[in-house]
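Enquirer: One structure is given below, represented as structure tokens, and several questions about it will come after.
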Amino acid sequence: MSAPAGWLVALLWALNVVVDTAGQLAFKAAAHDAHESDGLQRWRHMASRPWLWLGIGCYIAEFLVWLAFLSLVPLSEGVLLGSINIVVVMLAGRVLFGERLSRMRTAGILLIATGVALVGLP
Amino acid sequence: MRRFYVIGFGLLLLFDTLAQISFKLAGDYALPLEFGPAWLLRVFGAPWIYGAFVGYVGAFFTWMTLLRHAPIGPAFAASHLEIVSVLLLSHGLFDEHIGTLQLLGALCIVAGILCLAVGETESERAGATLEHLPPAPHEPPLEPPREPPR
């Protein structure tokens with residue numbers, strides 16, 4: 001990474017991965033939780049449980065972290081490096097929700113990780 | 001129904017792209033970085049942060065609606081393909097140079113997203129027969145899997 005204060009860029013990047021993953025998992029739990037209800041009732045049910053709010057909290061944190069991150073790196077580099085979130089969310093889904101990693105998923109994860117490494121390592 | 005998908009995916013792409021472009025523009029006001037309320041005041045005093053906000057919230061509600069109705073595979077791919085539009089726009093709007101390695105990396109990432117989209121579609125098909133059975137009468141709905149104890 002050729003940006004100023006490389007350690008700060010790396011820190012913000014890592015922080016973004018953490019809050020994004022936590023937020024996605026919380027939203028997943030919220031949606032899962034309200035699977036049976038519909039429409040307005042579904043939203044009401046989700047609002048009465050902590051998952052949705054945890055997710056929103058993480059999203060607010062991510063909003064600020066991502067802004068700080070993008071102020072330090074070019075946008076094209078930023079969005080590409082941010083793709084690592086997909087990989088981490090998938091791996092976390094496997095650990096926490098027991099989601100299966102099929103051959104296609106594994107291939108996708110490896111390709112994305114390779115792509116991020118190509119952009120970020122030089 | 002086809003129109004619903006096209007509009008939904010298009011809207012998602014539009015919101016996501018708007019958010020990223022706005023983030024970058026708002027980033028000019030975010031420097032120098034500092035930790036505290038003064039920084040928040042400075043950032044939220046700049047107009048572009050609200051573009052990012054609209055994009056974020058719009059994408060959130062579009063995504064939640066799509067997830068409810070659209071097949072997860074294409075929905076997943078569409079929710080991440082803003083990489084392509086943002087890459088094109090960052091070159092066009094901000095004159096960012098996109099090098100060979102970056103281009104190669106972008107291709108890998110897009111290929112990976114497409115793999116995941118196909119994988120999601122496959123696993124949805126495999127699970128469809130089980131998940132679409134109506135719940136047995138007088139039985140509580142299936143509980144989501146719990147977190148394993150640490």
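By order in the structure tokens, chains are A, B, ...; within a chain, residues start at 1; ligands start at 1, following the order shown.
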Considering only C-alpha atoms, give me a table of residues in chain A that are at most 7 Å from chain B, with the closest atom pair and distance in Å for each, as JSON lines.

Expert:
```
{"residue": "A:His32", "atom": "CA", "partner": "B:Pro144", "partner_atom": "CA", "distance": 6.4}
{"residue": "A:Asp33", "atom": "CA", "partner": "B:Pro144", "partner_atom": "CA", "distance": 6.9}
{"residue": "A:Leu67", "atom": "CA", "partner": "B:Phe23", "partner_atom": "CA", "distance": 5.7}
{"residue": "A:Ala68", "atom": "CA", "partner": "B:Ala30", "partner_atom": "CA", "distance": 6.6}
{"residue": "A:Leu70", "atom": "CA", "partner": "B:Lys24", "partner_atom": "CA", "distance": 5.9}
{"residue": "A:Ser71", "atom": "CA", "partner": "B:Gly27", "partner_atom": "CA", "distance": 4.2}
{"residue": "A:Leu75", "atom": "CA", "partner": "B:Ser90", "partner_atom": "CA", "distance": 6.2}
{"residue": "A:Ser76", "atom": "CA", "partner": "B:Leu87", "partner_atom": "CA", "distance": 5.1}
{"residue": "A:Val79", "atom": "CA", "partner": "B:Ile83", "partner_atom": "CA", "distance": 6.2}
{"residue": "A:Leu80", "atom": "CA", "partner": "B:Ala106", "partner_atom": "CA", "distance": 6.6}
{"residue": "A:Leu96", "atom": "CA", "partner": "B:Glu147", "partner_atom": "CA", "distance": 5.5}
{"residue": "A:Phe97", "atom": "CA", "partner": "B:Pro145", "partner_atom": "CA", "distance": 6.0}
{"residue": "A:Ser102", "atom": "CA", "partner": "B:Gly119", "partner_atom": "CA", "distance": 7.0}
{"residue": "A:Met104", "atom": "CA", "partner": "B:Gly119", "partner_atom": "CA", "distance": 4.9}
{"residue": "A:Arg105", "atom": "CA", "partner": "B:Leu116", "partner_atom": "CA", "distance": 5.1}
{"residue": "A:Ala107", "atom": "CA", "partner": "B:Cys115", "partner_atom": "CA", "distance": 6.7}
{"residue": "A:Gly108", "atom": "CA", "partner": "B:Gly112", "partner_atom": "CA", "distance": 3.8}
{"residue": "A:Ile109", "atom": "CA", "partner": "B:Gly112", "partner_atom": "CA", "distance": 6.3}
{"residue": "A:Leu111", "atom": "CA", "partner": "B:Gly112", "partner_atom": "CA", "distance": 4.8}
{"residue": "A:Ile112", "atom": "CA", "partner": "B:Ile109", "partner_atom": "CA", "distance": 4.2}
{"residue": "A:Thr114", "atom": "CA", "partner": "B:Cys108", "partner_atom": "CA", "distance": 6.8}
{"residue": "A:Gly115", "atom": "CA", "partner": "B:Gly105", "partner_atom": "CA", "distance": 3.7}
{"residue": "A:Val116", "atom": "CA", "partner": "B:Gly105", "partner_atom": "CA", "distance": 6.1}
{"residue": "A:Leu118", "atom": "CA", "partner": "B:Gly105", "partner_atom": "CA", "distance": 5.2}
{"residue": "A:Val119", "atom": "CA", "partner": "B:Gln102", "partner_atom": "CA", "distance": 5.0}
```

Enquirer: Quick one, how far is atom CA of Ala92 of chain A from atom CA of Val18 of chain A?

Expert: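 Interatomic distance here is 10.6 Å.
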
Enquirer: Could you give me, as a PyMOL selection string, the residues within 12 Å of Asp20 of chain A, counting only C-alpha atoms and dropping anything in the same chain fewer than 3 positions from it?

Expert: chain A and resi 12-17+23-27+54-66+82-90+92

Enquirer: List every residue of segment 4-122 of chain A that DSSP, applied to the backbone of this structure, assigns to helix (DSSP H, G or I), and report them as an NGL selection string.

Expert: :A and (6-33 or 39-47 or 50-72 or 75-82 or 84-97 or 103-120)

Enquirer: Of the candidates B:Ala126, B:Leu12, B:Met1, B:Leu18, which one gets nearest to Phe60 of chain B if we count only C-alpha atoms?

Expert: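 Of all the options, B:Leu12 lies closest to Phe60 of chain B.
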
Enquirer: Looking at A:Leu121, A:Leu110, A:Leu72, A:Val95, which one is nearest to Val9 of chain A, with distances taken over only C-alpha atoms?

Expert: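 Checking each candidate against Val9 of chain A, we get A:Leu72 as the closest.
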
Enquirer: Between atom CA of Leu81 of chain A and atom CA of Arg94 of chain A, what is the distance, to one decimal in Å?

Expert: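 Straight-line distance from atom CA of Leu81 of chain A to atom CA of Arg94 of chain A works out to 21.9 Å.
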
Enquirer: Report, in Å with one decimal, the straight-line distance from atom CA of Trp63 of chain B to atom CA of Ala77 of chain B.

Expert: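 Atom-to-atom, atom CA of Trp63 of chain B to atom CA of Ala77 of chain B, that is 11.7 Å.
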